[in-house]
file query13.csv (CSV, C-alpha atoms and all ligand atoms)
chain,number,residue,atom,x,y,z
A,1,MET,CA,-153.6,-33.0,-155.6
A,2,LYS,CA,-157.2,-34.0,-155.3
A,3,PHE,CA,-158.0,-36.0,-152.2
A,4,ASN,CA,-159.2,-39.0,-154.3
A,5,ASP,CA,-155.8,-39.1,-156.2
A,6,LEU,CA,-154.0,-38.8,-152.9
A,7,LEU,CA,-155.8,-41.8,-151.5
A,8,GLU,CA,-154.9,-43.8,-154.6
A,9,LYS,CA,-151.3,-43.3,-153.9
A,10,ASN,CA,-151.6,-44.0,-150.1
A,11,ILE,CA,-153.7,-47.1,-150.0
A,12,ILE,CA,-152.5,-48.6,-146.7
A,13,ARG,CA,-151.7,-46.3,-143.9
A,14,LEU,CA,-151.3,-45.8,-140.2
A,15,ALA,CA,-154.4,-45.0,-138.1
A,16,PRO,CA,-154.5,-42.2,-135.6
A,17,MET,CA,-153.8,-43.5,-132.1
A,18,ALA,CA,-153.6,-41.3,-129.1
A,19,GLY,CA,-150.3,-41.9,-127.3
A,20,VAL,CA,-149.0,-44.0,-130.1
A,21,SER,CA,-149.0,-42.3,-133.5
A,22,ASN,CA,-146.8,-39.4,-132.4
A,23,ALA,CA,-144.2,-37.9,-134.8
A,24,PRO,CA,-141.5,-40.5,-134.1
A,25,PHE,CA,-143.8,-43.5,-134.7
A,26,ARG,CA,-145.4,-41.8,-137.8
A,27,THR,CA,-141.9,-41.3,-139.2
A,28,ILE,CA,-141.0,-45.0,-138.7
A,29,CYS,CA,-144.2,-46.1,-140.3
A,30,LEU,CA,-143.6,-43.8,-143.3
A,31,ASP,CA,-140.1,-45.3,-143.6
A,32,ASN,CA,-141.7,-48.7,-143.7
A,33,GLY,CA,-144.1,-47.7,-146.5
A,34,SER,CA,-147.2,-46.4,-144.8
A,35,GLY,CA,-149.2,-44.0,-146.9
A,36,PHE,CA,-149.8,-40.5,-145.5
A,37,VAL,CA,-150.1,-40.4,-141.8
A,38,THR,CA,-152.6,-38.9,-139.3
A,39,THR,CA,-151.7,-37.2,-136.0
A,40,GLU,CA,-153.2,-38.5,-132.8
A,41,GLU,CA,-156.3,-36.6,-131.8
A,42,ILE,CA,-155.8,-33.0,-130.8
A,43,ASP,CA,-158.4,-31.5,-128.5
A,44,SER,CA,-159.9,-28.5,-130.2
A,45,ILE,CA,-160.4,-26.5,-127.0
A,46,SER,CA,-156.8,-27.0,-125.9
A,47,LEU,CA,-155.6,-26.0,-129.3
A,48,VAL,CA,-157.6,-22.7,-129.4
A,49,TYR,CA,-157.6,-21.6,-125.8
A,50,ASN,CA,-154.6,-23.1,-123.9
A,51,LYS,CA,-151.6,-23.8,-126.0
A,52,SER,CA,-150.0,-26.2,-123.6
A,53,ASP,CA,-146.6,-27.8,-124.2
A,54,ARG,CA,-148.5,-31.1,-124.8
A,55,THR,CA,-150.6,-29.5,-127.5
A,56,LYS,CA,-147.5,-28.0,-129.1
A,57,LEU,CA,-145.9,-31.4,-129.0
A,58,ILE,CA,-148.8,-33.3,-130.6
A,59,THR,CA,-149.3,-30.8,-133.3
A,60,ALA,CA,-145.6,-30.8,-134.3
A,61,PHE,CA,-144.7,-32.6,-137.5
A,62,SER,CA,-141.7,-32.6,-139.9
A,63,GLU,CA,-141.5,-31.8,-143.6
A,64,TYR,CA,-140.9,-35.6,-144.2
A,65,GLU,CA,-144.5,-36.2,-143.1
A,66,ASN,CA,-146.0,-34.0,-145.7
A,67,PRO,CA,-148.8,-34.5,-146.7
A,68,ILE,CA,-150.2,-35.0,-143.2
A,69,ALA,CA,-153.7,-35.4,-141.9
A,70,MET,CA,-154.3,-33.7,-138.5
A,71,GLN,CA,-157.1,-35.0,-136.3
A,72,LEU,CA,-159.3,-32.9,-134.1
A,73,LEU,CA,-161.4,-34.0,-131.2
A,74,GLY,CA,-164.2,-31.7,-130.1
A,75,CYS,CA,-167.9,-31.0,-130.1
A,76,ASP,CA,-168.6,-27.3,-130.1
A,77,SER,CA,-168.7,-25.5,-133.4
A,78,GLU,CA,-166.7,-22.5,-132.3
A,79,SER,CA,-163.6,-24.4,-131.1
A,80,LEU,CA,-163.7,-27.0,-133.9
A,81,THR,CA,-164.0,-24.3,-136.6
A,82,GLU,CA,-161.3,-22.2,-135.0
A,83,SER,CA,-159.0,-25.1,-134.5
A,84,SER,CA,-159.5,-26.3,-138.0
A,85,LYS,CA,-158.3,-22.9,-139.3
A,86,ILE,CA,-155.3,-23.1,-136.9
A,87,LEU,CA,-154.3,-26.6,-138.3
A,88,GLN,CA,-154.7,-25.4,-141.8
A,89,ASP,CA,-152.4,-22.5,-141.1
A,90,LEU,CA,-149.9,-24.8,-139.4
A,91,GLY,CA,-149.6,-26.7,-142.7
A,92,ALA,CA,-152.0,-29.6,-142.4
A,93,SER,CA,-152.9,-31.2,-145.7
A,94,ILE,CA,-156.1,-32.7,-144.5
A,95,ILE,CA,-158.3,-32.1,-141.4
A,96,ASP,CA,-159.8,-35.2,-139.9
A,97,ILE,CA,-162.5,-35.1,-137.2
A,98,ASN,CA,-162.7,-37.9,-134.7
A,99,MET,CA,-166.3,-39.1,-134.3
A,100,GLY,CA,-165.3,-42.6,-133.2
A,101,CYS,CA,-163.6,-42.2,-129.8
A,102,PRO,CA,-165.6,-44.5,-127.4
A,103,VAL,CA,-163.8,-43.5,-124.1
A,104,PRO,CA,-166.5,-42.5,-121.6
A,105,LYS,CA,-164.7,-39.4,-120.3
A,106,ILE,CA,-164.7,-38.1,-123.9
A,107,THR,CA,-168.2,-39.2,-125.0
A,108,LYS,CA,-169.7,-37.8,-121.7
A,109,LYS,CA,-168.7,-34.4,-122.9
A,110,GLY,CA,-170.4,-35.0,-126.3
A,111,LYS,CA,-167.1,-35.6,-128.2
A,112,GLY,CA,-165.9,-38.5,-130.3
A,113,ALA,CA,-168.6,-41.2,-131.0
A,114,ALA,CA,-171.2,-39.1,-129.1
A,115,LEU,CA,-171.5,-37.0,-132.2
A,116,MET,CA,-173.0,-39.9,-134.1
A,117,LYS,CA,-176.1,-39.6,-131.8
A,118,ASP,CA,-176.9,-36.2,-133.1
A,119,ILE,CA,-177.0,-36.1,-136.9
A,120,VAL,CA,-178.6,-32.7,-137.2
A,121,GLY,CA,-176.3,-30.9,-134.7
A,122,THR,CA,-173.2,-32.6,-136.3
A,123,ALA,CA,-174.3,-31.5,-139.8
A,124,LYS,CA,-174.2,-27.9,-138.6
A,125,LEU,CA,-170.9,-28.4,-137.0
A,126,ILE,CA,-169.4,-29.9,-140.2
A,127,ASN,CA,-171.0,-27.1,-142.3
A,128,SER,CA,-169.2,-24.5,-140.2
A,129,ILE,CA,-165.8,-26.3,-140.5
A,130,ARG,CA,-166.3,-26.8,-144.2
A,131,ASN,CA,-167.1,-23.1,-144.8
A,132,ALA,CA,-164.0,-22.0,-142.8
A,133,THR,CA,-161.4,-24.2,-144.5
A,134,LYS,CA,-160.1,-25.0,-148.0
A,135,ILE,CA,-158.2,-28.2,-147.5
A,136,PRO,CA,-159.8,-31.7,-147.6
A,137,LEU,CA,-162.0,-32.5,-144.7
A,138,THR,CA,-162.5,-36.1,-143.6
A,139,VAL,CA,-164.3,-37.7,-140.7
A,140,LYS,CA,-163.6,-41.0,-138.8
A,141,ILE,CA,-166.6,-42.8,-137.5
A,142,ARG,CA,-167.8,-46.0,-135.9
A,143,SER,CA,-170.7,-48.1,-136.9
A,144,GLY,CA,-173.0,-46.2,-134.5
A,145,TRP,CA,-173.6,-45.5,-130.8
A,146,ASP,CA,-174.7,-49.0,-129.7
A,147,GLU,CA,-176.2,-52.1,-131.2
A,148,ASN,CA,-179.6,-50.5,-131.3
A,149,ASN,CA,-178.3,-47.4,-133.1
A,150,ILE,CA,-176.2,-48.5,-136.0
A,151,ASN,CA,-176.3,-45.5,-138.3
A,152,ALA,CA,-173.0,-45.4,-140.2
A,153,VAL,CA,-174.8,-45.3,-143.5
A,154,GLU,CA,-177.2,-42.5,-142.7
A,155,PHE,CA,-174.5,-40.6,-140.9
A,156,SER,CA,-172.1,-41.0,-143.9
A,157,LYS,CA,-174.7,-39.7,-146.3
A,158,MET,CA,-175.1,-36.6,-144.1
A,159,LEU,CA,-171.3,-36.1,-144.0
A,160,GLU,CA,-171.2,-36.3,-147.8
A,161,SER,CA,-174.0,-33.8,-148.3
A,162,GLU,CA,-172.2,-31.4,-146.0
A,163,GLY,CA,-169.1,-31.5,-148.2
A,164,VAL,CA,-166.8,-33.9,-146.4
A,165,ASP,CA,-164.2,-35.3,-148.8
A,166,GLY,CA,-163.7,-38.8,-147.3
A,167,ILE,CA,-164.9,-41.0,-144.4
A,168,THR,CA,-163.0,-43.7,-142.4
A,169,VAL,CA,-165.2,-46.4,-140.9
A,170,HIS,CA,-164.2,-48.5,-137.9
A,171,PRO,CA,-167.2,-50.8,-137.9
A,172,ARG,CA,-167.6,-51.4,-134.2
A,173,SER,CA,-170.2,-49.5,-132.2
A,174,ARG,CA,-169.2,-47.2,-129.4
A,175,SER,CA,-170.5,-49.7,-126.9
A,176,GLN,CA,-168.4,-52.4,-128.4
A,177,ARG,CA,-165.2,-50.3,-127.9
A,178,TYR,CA,-162.6,-52.8,-129.1
A,179,GLU,CA,-164.5,-56.0,-128.4
A,180,GLY,CA,-165.7,-58.6,-130.8
A,181,ASN,CA,-164.9,-58.5,-134.5
A,182,SER,CA,-165.3,-55.4,-136.6
A,183,LYS,CA,-168.1,-55.8,-139.1
A,184,TRP,CA,-166.6,-55.2,-142.5
A,185,SER,CA,-170.1,-55.5,-144.1
A,186,ILE,CA,-170.8,-52.1,-142.6
A,187,ILE,CA,-167.8,-50.6,-144.4
A,188,LYS,CA,-169.2,-52.2,-147.6
A,189,GLN,CA,-172.7,-50.7,-147.0
A,190,VAL,CA,-171.1,-47.2,-146.5
A,191,VAL,CA,-169.1,-47.6,-149.7
A,192,GLU,CA,-172.3,-48.5,-151.6
A,193,SER,CA,-174.1,-45.5,-150.2
A,194,VAL,CA,-171.8,-42.6,-150.8
A,195,GLU,CA,-169.7,-41.3,-153.8
A,196,ILE,CA,-166.9,-40.0,-151.7
A,197,PRO,CA,-164.0,-42.3,-150.9
A,198,VAL,CA,-164.2,-44.6,-147.9
A,199,THR,CA,-161.3,-45.8,-145.9
A,200,GLY,CA,-161.8,-49.1,-144.1
A,201,ASN,CA,-160.4,-49.8,-140.7
A,202,GLY,CA,-160.7,-52.5,-138.0
A,203,ASP,CA,-158.7,-55.7,-137.4
A,204,VAL,CA,-156.3,-55.4,-140.3
A,205,LYS,CA,-153.1,-57.0,-139.1
A,206,SER,CA,-151.3,-57.7,-142.3
A,207,TYR,CA,-151.0,-56.7,-146.0
A,208,ASP,CA,-153.1,-59.7,-146.9
A,209,ASP,CA,-155.8,-58.6,-144.5
A,210,ALA,CA,-155.8,-55.1,-146.1
A,211,LYS,CA,-156.1,-56.7,-149.5
A,212,ARG,CA,-159.0,-58.9,-148.3
A,213,MET,CA,-160.7,-55.8,-146.8
A,214,ILE,CA,-160.4,-53.9,-150.1
A,215,GLU,CA,-161.7,-56.9,-152.1
A,216,PHE,CA,-164.7,-57.4,-149.8
A,217,THR,CA,-165.8,-53.9,-149.1
A,218,LYS,CA,-164.4,-52.1,-152.2
A,219,CYS,CA,-163.1,-49.4,-149.9
A,220,LYS,CA,-160.6,-47.0,-151.4
A,221,SER,CA,-157.9,-47.4,-148.8
A,222,VAL,CA,-157.2,-49.0,-145.4
A,223,MET,CA,-156.0,-47.8,-142.0
A,224,ILE,CA,-154.0,-50.1,-139.7
A,225,GLY,CA,-154.1,-49.3,-136.0
A,226,ARG,CA,-153.2,-51.9,-133.4
A,227,GLY,CA,-151.6,-54.1,-136.0
A,228,ALA,CA,-148.8,-51.5,-136.4
A,229,ILE,CA,-148.0,-51.1,-132.7
A,230,GLY,CA,-144.6,-52.6,-132.1
A,231,ASN,CA,-144.9,-53.8,-135.7
A,232,PRO,CA,-144.3,-50.9,-138.0
A,233,TRP,CA,-143.0,-53.2,-140.7
A,234,VAL,CA,-146.6,-54.3,-141.2
A,235,PHE,CA,-146.5,-51.7,-144.0
A,236,ASN,CA,-143.4,-53.1,-145.5
A,237,ASN,CA,-144.4,-55.7,-148.1
A,238,SER,CA,-140.9,-56.2,-149.3
A,239,LEU,CA,-139.7,-57.6,-146.0
A,240,GLU,CA,-141.0,-61.0,-147.1
A,241,LYS,CA,-138.3,-61.2,-149.7
A,242,LEU,CA,-135.5,-61.0,-147.0
A,243,SER,CA,-133.9,-64.0,-145.3
A,244,TYR,CA,-134.7,-64.4,-141.5
A,245,GLU,CA,-131.2,-63.0,-140.6
A,246,GLU,CA,-131.8,-59.9,-142.9
A,247,LYS,CA,-135.2,-59.4,-141.5
A,248,ASP,CA,-134.0,-59.5,-137.9
A,249,LEU,CA,-131.2,-57.0,-138.7
A,250,TYR,CA,-133.7,-54.7,-140.5
A,251,LYS,CA,-136.0,-54.8,-137.4
A,252,LYS,CA,-133.1,-54.1,-135.1
A,253,LYS,CA,-132.1,-51.1,-137.1
A,254,THR,CA,-135.7,-49.8,-137.3
A,255,ILE,CA,-136.0,-50.0,-133.5
A,256,ILE,CA,-132.7,-48.2,-133.0
A,257,ASN,CA,-133.9,-45.5,-135.4
A,258,HIS,CA,-137.2,-45.2,-133.6
A,259,LEU,CA,-135.4,-44.8,-130.3
A,260,GLN,CA,-133.3,-42.0,-131.8
A,261,GLN,CA,-136.5,-40.3,-133.1
A,262,ILE,CA,-138.1,-40.5,-129.7
A,263,LYS,CA,-134.9,-39.0,-128.1
A,264,ASN,CA,-135.1,-36.1,-130.6
A,265,TYR,CA,-138.8,-35.5,-130.1
A,266,PHE,CA,-139.8,-35.9,-126.4
A,267,PRO,CA,-138.8,-33.6,-123.6
A,268,LYS,CA,-136.5,-35.0,-121.0
A,269,LYS,CA,-139.2,-35.6,-118.5
A,270,ASN,CA,-141.2,-38.0,-120.7
A,271,LEU,CA,-138.3,-39.6,-122.4
A,272,ASP,CA,-137.6,-42.7,-120.2
A,273,MET,CA,-141.3,-43.6,-120.1
A,274,GLN,CA,-141.7,-43.3,-123.8
A,275,ILE,CA,-138.6,-45.4,-124.5
A,276,LYS,CA,-139.8,-48.1,-122.0
A,277,LYS,CA,-143.3,-48.0,-123.5
A,278,ASN,CA,-142.1,-48.5,-127.1
A,279,LEU,CA,-139.6,-51.2,-126.1
A,280,SER,CA,-142.3,-53.1,-124.4
A,281,TYR,CA,-144.4,-52.8,-127.6
A,282,TYR,CA,-141.5,-54.3,-129.6
A,283,ALA,CA,-141.2,-57.1,-127.1
A,284,LYS,CA,-144.8,-58.2,-127.7
A,285,GLY,CA,-143.8,-61.2,-129.9
A,286,PHE,CA,-140.8,-62.3,-127.7
A,287,TYR,CA,-140.8,-65.6,-125.8
A,288,ASN,CA,-142.0,-64.9,-122.2
A,289,SER,CA,-143.1,-61.5,-123.5
A,290,ARG,CA,-145.3,-60.8,-120.5
A,291,GLU,CA,-142.5,-61.1,-118.0
A,292,ILE,CA,-140.1,-59.3,-120.3
A,293,ARG,CA,-142.5,-56.4,-120.8
A,294,GLN,CA,-143.1,-56.1,-117.1
A,295,LYS,CA,-139.3,-56.2,-116.5
A,296,ILE,CA,-138.8,-53.4,-119.0
A,297,PHE,CA,-141.6,-51.3,-117.6
A,298,ARG,CA,-140.8,-51.7,-113.9
A,299,SER,CA,-137.0,-51.4,-114.2
A,300,SER,CA,-135.5,-48.7,-112.1
A,301,ASP,CA,-132.2,-49.1,-113.8
A,302,SER,CA,-130.8,-46.4,-116.0
A,303,ILE,CA,-132.5,-46.1,-119.4
A,304,GLU,CA,-129.2,-47.1,-121.2
A,305,ASN,CA,-129.2,-50.3,-119.2
A,306,VAL,CA,-132.9,-51.0,-120.1
A,307,ILE,CA,-132.1,-50.5,-123.8
A,308,GLU,CA,-129.1,-52.8,-123.5
A,309,LEU,CA,-131.3,-55.4,-121.7
A,310,PHE,CA,-133.9,-55.1,-124.5
A,311,PHE,CA,-131.4,-55.8,-127.2
A,312,LYS,CA,-129.9,-58.8,-125.3
A,313,LEU,CA,-133.5,-60.2,-125.2
A,314,PHE,CA,-134.0,-59.3,-128.8
A,315,ASP,CA,-130.9,-61.3,-129.8
A,316,ARG,CA,-131.9,-64.2,-127.5
A,317,ASN,CA,-135.3,-64.2,-129.1
A,318,VAL,CA,-133.8,-64.3,-132.6
A,319,GLU,CA,-131.6,-67.3,-131.5
A,320,LYS,CA,-134.6,-69.2,-130.1
A,321,ASN,CA,-136.5,-68.6,-133.3
A,322,LYS,CA,-133.6,-69.9,-135.3
A,323,LEU,CA,-133.2,-73.1,-133.1
A,324,GLU,CA,-137.0,-73.7,-133.5
A,325,LYS,CA,-136.7,-73.4,-137.2
A,326,ILE,CA,-133.7,-75.8,-137.3
A,327,SER,CA,-135.5,-78.4,-135.2
A,328,VAL,CA,-138.7,-78.3,-137.4
A,401,LIG,C1,-154.2,-46.8,-128.2
A,401,LIG,C2,-155.2,-46.4,-129.2
A,401,LIG,C3,-155.5,-45.0,-129.4
A,401,LIG,C4,-156.4,-44.6,-130.3
A,401,LIG,N1,-156.5,-43.2,-130.5
A,401,LIG,C5,-157.3,-42.8,-131.5
A,401,LIG,C6,-157.3,-41.4,-131.9
A,401,LIG,O1,-156.6,-40.6,-131.3
A,401,LIG,N2,-158.2,-41.1,-132.9
A,401,LIG,C7,-159.0,-42.0,-133.6
A,401,LIG,O2,-159.7,-41.6,-134.5
A,401,LIG,N3,-158.9,-43.3,-133.3
A,401,LIG,C8,-158.1,-43.7,-132.3
A,401,LIG,N4,-158.0,-45.1,-132.0
A,401,LIG,C9,-158.7,-46.0,-132.9
A,401,LIG,C10,-157.9,-46.5,-134.1
A,401,LIG,O3,-157.6,-45.4,-134.9
A,401,LIG,C11,-158.6,-47.6,-134.9
A,401,LIG,O4,-159.8,-47.0,-135.3
A,401,LIG,C12,-159.0,-48.8,-134.0
A,401,LIG,O5,-157.9,-49.2,-133.2
A,401,LIG,C13,-159.4,-50.0,-134.9
A,401,LIG,O6,-158.4,-50.3,-135.9
A,401,LIG,P1,-157.4,-51.5,-135.6
A,401,LIG,O7,-158.2,-52.8,-135.5
A,401,LIG,O8,-156.5,-51.5,-136.8
A,401,LIG,O9,-156.6,-51.3,-134.4
A,401,LIG,C14,-157.1,-45.5,-131.1
A,401,LIG,C15,-156.9,-46.9,-130.9
A,401,LIG,C16,-156.0,-47.3,-129.9
A,401,LIG,C17,-155.7,-48.8,-129.8

call {"tool": "encode", "arguments": {"input": "query13.csv", "output": "structure tokens"}}
result
Amino acid sequence: MKFNDLLEKNIIRLAPMAGVSNAPFRTICLDNGSGFVTTEEIDSISLVYNKSDRTKLITAFSEYENPIAMQLLGCDSESLTESSKILQDLGASIIDINMGCPVPKITKKGKGAALMKDIVGTAKLINSIRNATKIPLTVKIRSGWDENNINAVEFSKMLESEGVDGITVHPRSRSQRYEGNSKWSIIKQVVESVEIPVTGNGDVKSYDDAKRMIEFTKCKSVMIGRGAIGNPWVFNNSLEKLSYEEKDLYKKKTIINHLQQIKNYFPKKNLDMQIKKNLSYYAKGFYNSREIRQKIFRSSDSIENVIELFFKLFDRNVEKNKLEKISV
């Protein structure tokens, strides 16, 4: 299937998030109606030179996730080209290159958003990956390095001329990290400047936000990142039709399913922490959520008891919500 057609069938989808969009969470988001998913970033050097257990874990995906985009983080042509070939052989449907990561320990090495500072060098790098692979190649960018170097349009034109099939724009600069609002007008400018499809990203927290982004920017599709954490049903438009009771039951079942997926995927040594982390994400909207999340995280109790505690709090939260609705 052509990349453009694929996007048309997968308009709203989960964004890559290191430590979050692992296989269990991607599966839960797909269950909830996310379009095709993207792995968290995979370091190109680790993939080529030291196939650690962690690298094996983050490159693992199930048939259910097909088609899947696999994201690379790197800056040297050799490892990026070689790792792209490895991902293609592993069965990736799309290779995505991360040119948006703002974390200093990454950009200091020239990776992530640092690539946006060097249009000429990055063009060579893309050219090398393009020539070595057959599957669609996409790039995820920011608006630019900092407020004095906003170059998303110029950079996107370069990517298009090097044969990239699609671009995702998170319109904050590297120096903004996650602060302030993302400037959707920059997504619109990129859409107007290139022929290849553009995916918009940044501050989409609901289906309606996604619709607004598409209407305003005319982007082809939308990625949701933080709005999906502890909230995978953000992709599930049909939830609105359910009663409150049905919705709560649906959410409970989804969380139980997610925990099962986590148990199947993570090695024993990471399991308790992963469960606690995800339960605390799900507790985000609870009453007293701060205390509850700390309680879950710091508990030295057995993981079974922590899960039991979480669901007691879940039920209590549902009850409180119900009382509030009755009293309105
Ligand atoms: C915890 C976390 C991890 C992230 N990891 C990645 C990553 O591995 N690759 C990437 O391209 N972007 C990564 N991002 C950025 C998101 O994909 C997205 O661009 C950003 O969060 C803005 O979208 P949002 O407002 O919907 O969250 C990460 C963001 C967060 C919050």

call {"tool": "closest_residue", "arguments": {"input": "query13.csv", "among": "A:Gln176, A:Thr133, A:Ser161, A:Gln294", "to": "ligand LIG 401 (chain A)", "atoms": "only C-alpha atoms and all ligand atoms"}}
result
A:Gln176

call {"tool": "residues_near_ligand", "arguments": {"input": "query13.csv", "ligand": "ligand LIG 401 (chain A)", "cutoff": "8 Å", "atoms": "all atoms listed in the file", "output": "number ranges by chain"}}
result
A: 15-20, 39-42, 71, 73, 97-101, 140-141, 169-170, 178, 182, 201-205, 223-228

call {"tool": "atom_distance", "arguments": {"input": "query13.csv", "atom1": "CA of Thr138 (chain A)", "atom2": "CA of Val194 (chain A)"}}
result
13.4 Å

call {"tool": "closest_residue", "arguments": {"input": "query13.csv", "among": "A:Lys117, A:Lys220, A:Lys268, A:Lys85", "to": "Arg13 (chain A)", "atoms": "only C-alpha atoms"}}
result
A:Lys220

call {"tool": "closest_residue", "arguments": {"input": "query13.csv", "among": "A:Lys134, A:Lys108, A:Lys312, A:Lys320", "to": "Tyr287 (chain A)", "atoms": "all atoms listed in the file"}}
result
A:Lys320

call {"tool": "closest_residue", "arguments": {"input": "query13.csv", "among": "A:Ile68, A:Ala283, A:Ile303, A:Leu249", "to": "Lys263 (chain A)", "atoms": "only C-alpha atoms"}}
result
A:Ile303

call {"tool": "closest_residue", "arguments": {"input": "query13.csv", "among": "A:Ser173, A:Ser280, A:Thr55, A:Asn32", "to": "Asn237 (chain A)", "atoms": "only C-alpha atoms"}}
result
A:Asn32

call {"tool": "residues_around", "arguments": {"input": "query13.csv", "residues": "region 120-127 of chain A", "least_positions_apart": "6", "cutoff": "12 Å", "atoms": "all atoms listed in the file", "output": "ChimeraX atom specification"}}
result
/A:74-82,84,95-99,110-114,133,137-139,154-165

call {"tool": "atom_distance", "arguments": {"input": "query13.csv", "atom1": "CA of Ala132 (chain A)", "atom2": "CA of Asp53 (chain A)"}}
result
26.1 Å

call {"tool": "atom_distance", "arguments": {"input": "query13.csv", "atom1": "CA of Ile255 (chain A)", "atom2": "CA of Leu279 (chain A)"}}
result
8.3 Å

call {"tool": "residues_near_point", "arguments": {"input": "query13.csv", "point": "(-165.2, -40.3, -156.6)", "cutoff": "10 Å", "atoms": "only C-alpha atoms", "output": "MDAnalysis selection string"}}
result
chainID A and resid 3:5 165:166 194:198 220

call {"tool": "write_last_selection", "arguments": {"input": "query13.csv", "atoms": "C-alpha atoms", "output": "compact mmCIF listing (two decimals), in the coordinates of the input"}}
result
# COMPACT_ATOMS: atom_id res chain seq x y z
CA PHE A 3 -158.00 -36.00 -152.20
CA ASN A 4 -159.20 -39.00 -154.30
CA ASP A 5 -155.80 -39.10 -156.20
CA ASP A 165 -164.20 -35.30 -148.80
CA GLY A 166 -163.70 -38.80 -147.30
CA VAL A 194 -171.80 -42.60 -150.80
CA GLU A 195 -169.70 -41.30 -153.80
CA ILE A 196 -166.90 -40.00 -151.70
CA PRO A 197 -164.00 -42.30 -150.90
CA VAL A 198 -164.20 -44.60 -147.90
CA LYS A 220 -160.60 -47.00 -151.40

call {"tool": "residues_around", "arguments": {"input": "query13.csv", "residues": "Asn321 (chain A)", "least_positions_apart": "5", "cutoff": "10 Å", "atoms": "only C-alpha atoms", "output": "list in words"}}
result
Tyr244, Phe286, Tyr287, Asp315, Arg316 and Ile326 of chain A

call {"tool": "residues_around", "arguments": {"input": "query13.csv", "residues": "Arg26 (chain A)", "least_positions_apart": "4", "cutoff": "9 Å", "atoms": "all atoms listed in the file", "output": "PDB file with C-alpha atoms, in the coordinates of the input"}}
result
ATOM      1  CA  LEU A  14    -151.300 -45.800-140.200  1.00  0.00           C
ATOM      2  CA  VAL A  20    -149.000 -44.000-130.100  1.00  0.00           C
ATOM      3  CA  SER A  21    -149.000 -42.300-133.500  1.00  0.00           C
ATOM      4  CA  ASN A  22    -146.800 -39.400-132.400  1.00  0.00           C
ATOM      5  CA  LEU A  30    -143.600 -43.800-143.300  1.00  0.00           C
ATOM      6  CA  ASP A  31    -140.100 -45.300-143.600  1.00  0.00           C
ATOM      7  CA  SER A  34    -147.200 -46.400-144.800  1.00  0.00           C
ATOM      8  CA  PHE A  36    -149.800 -40.500-145.500  1.00  0.00           C
ATOM      9  CA  VAL A  37    -150.100 -40.400-141.800  1.00  0.00           C
ATOM     10  CA  THR A  38    -152.600 -38.900-139.300  1.00  0.00           C
ATOM     11  CA  THR A  39    -151.700 -37.200-136.000  1.00  0.00           C
ATOM     12  CA  GLU A  65    -144.500 -36.200-143.100  1.00  0.00           C
TER      13      GLU A  65
END

call {"tool": "closest_residue", "arguments": {"input": "query13.csv", "among": "A:Met1, A:Gln261, A:Ile58, A:Arg212", "to": "Phe25 (chain A)", "atoms": "all atoms listed in the file"}}
result
A:Gln261

call {"tool": "residues_around", "arguments": {"input": "query13.csv", "residues": "region 317-319 of chain A", "least_positions_apart": "6", "cutoff": "12 Å", "atoms": "all atoms listed in the file", "output": "list in words"}}
result
Tyr244, Glu245, Glu246, Lys247, Asp248, Leu249, Lys251, Lys252, Tyr282, Ala283, Lys284, Gly285, Phe286, Tyr287, Asn288, Ser289, Ile292, Phe310, Phe311, Lys325 and Ile326 of chain A
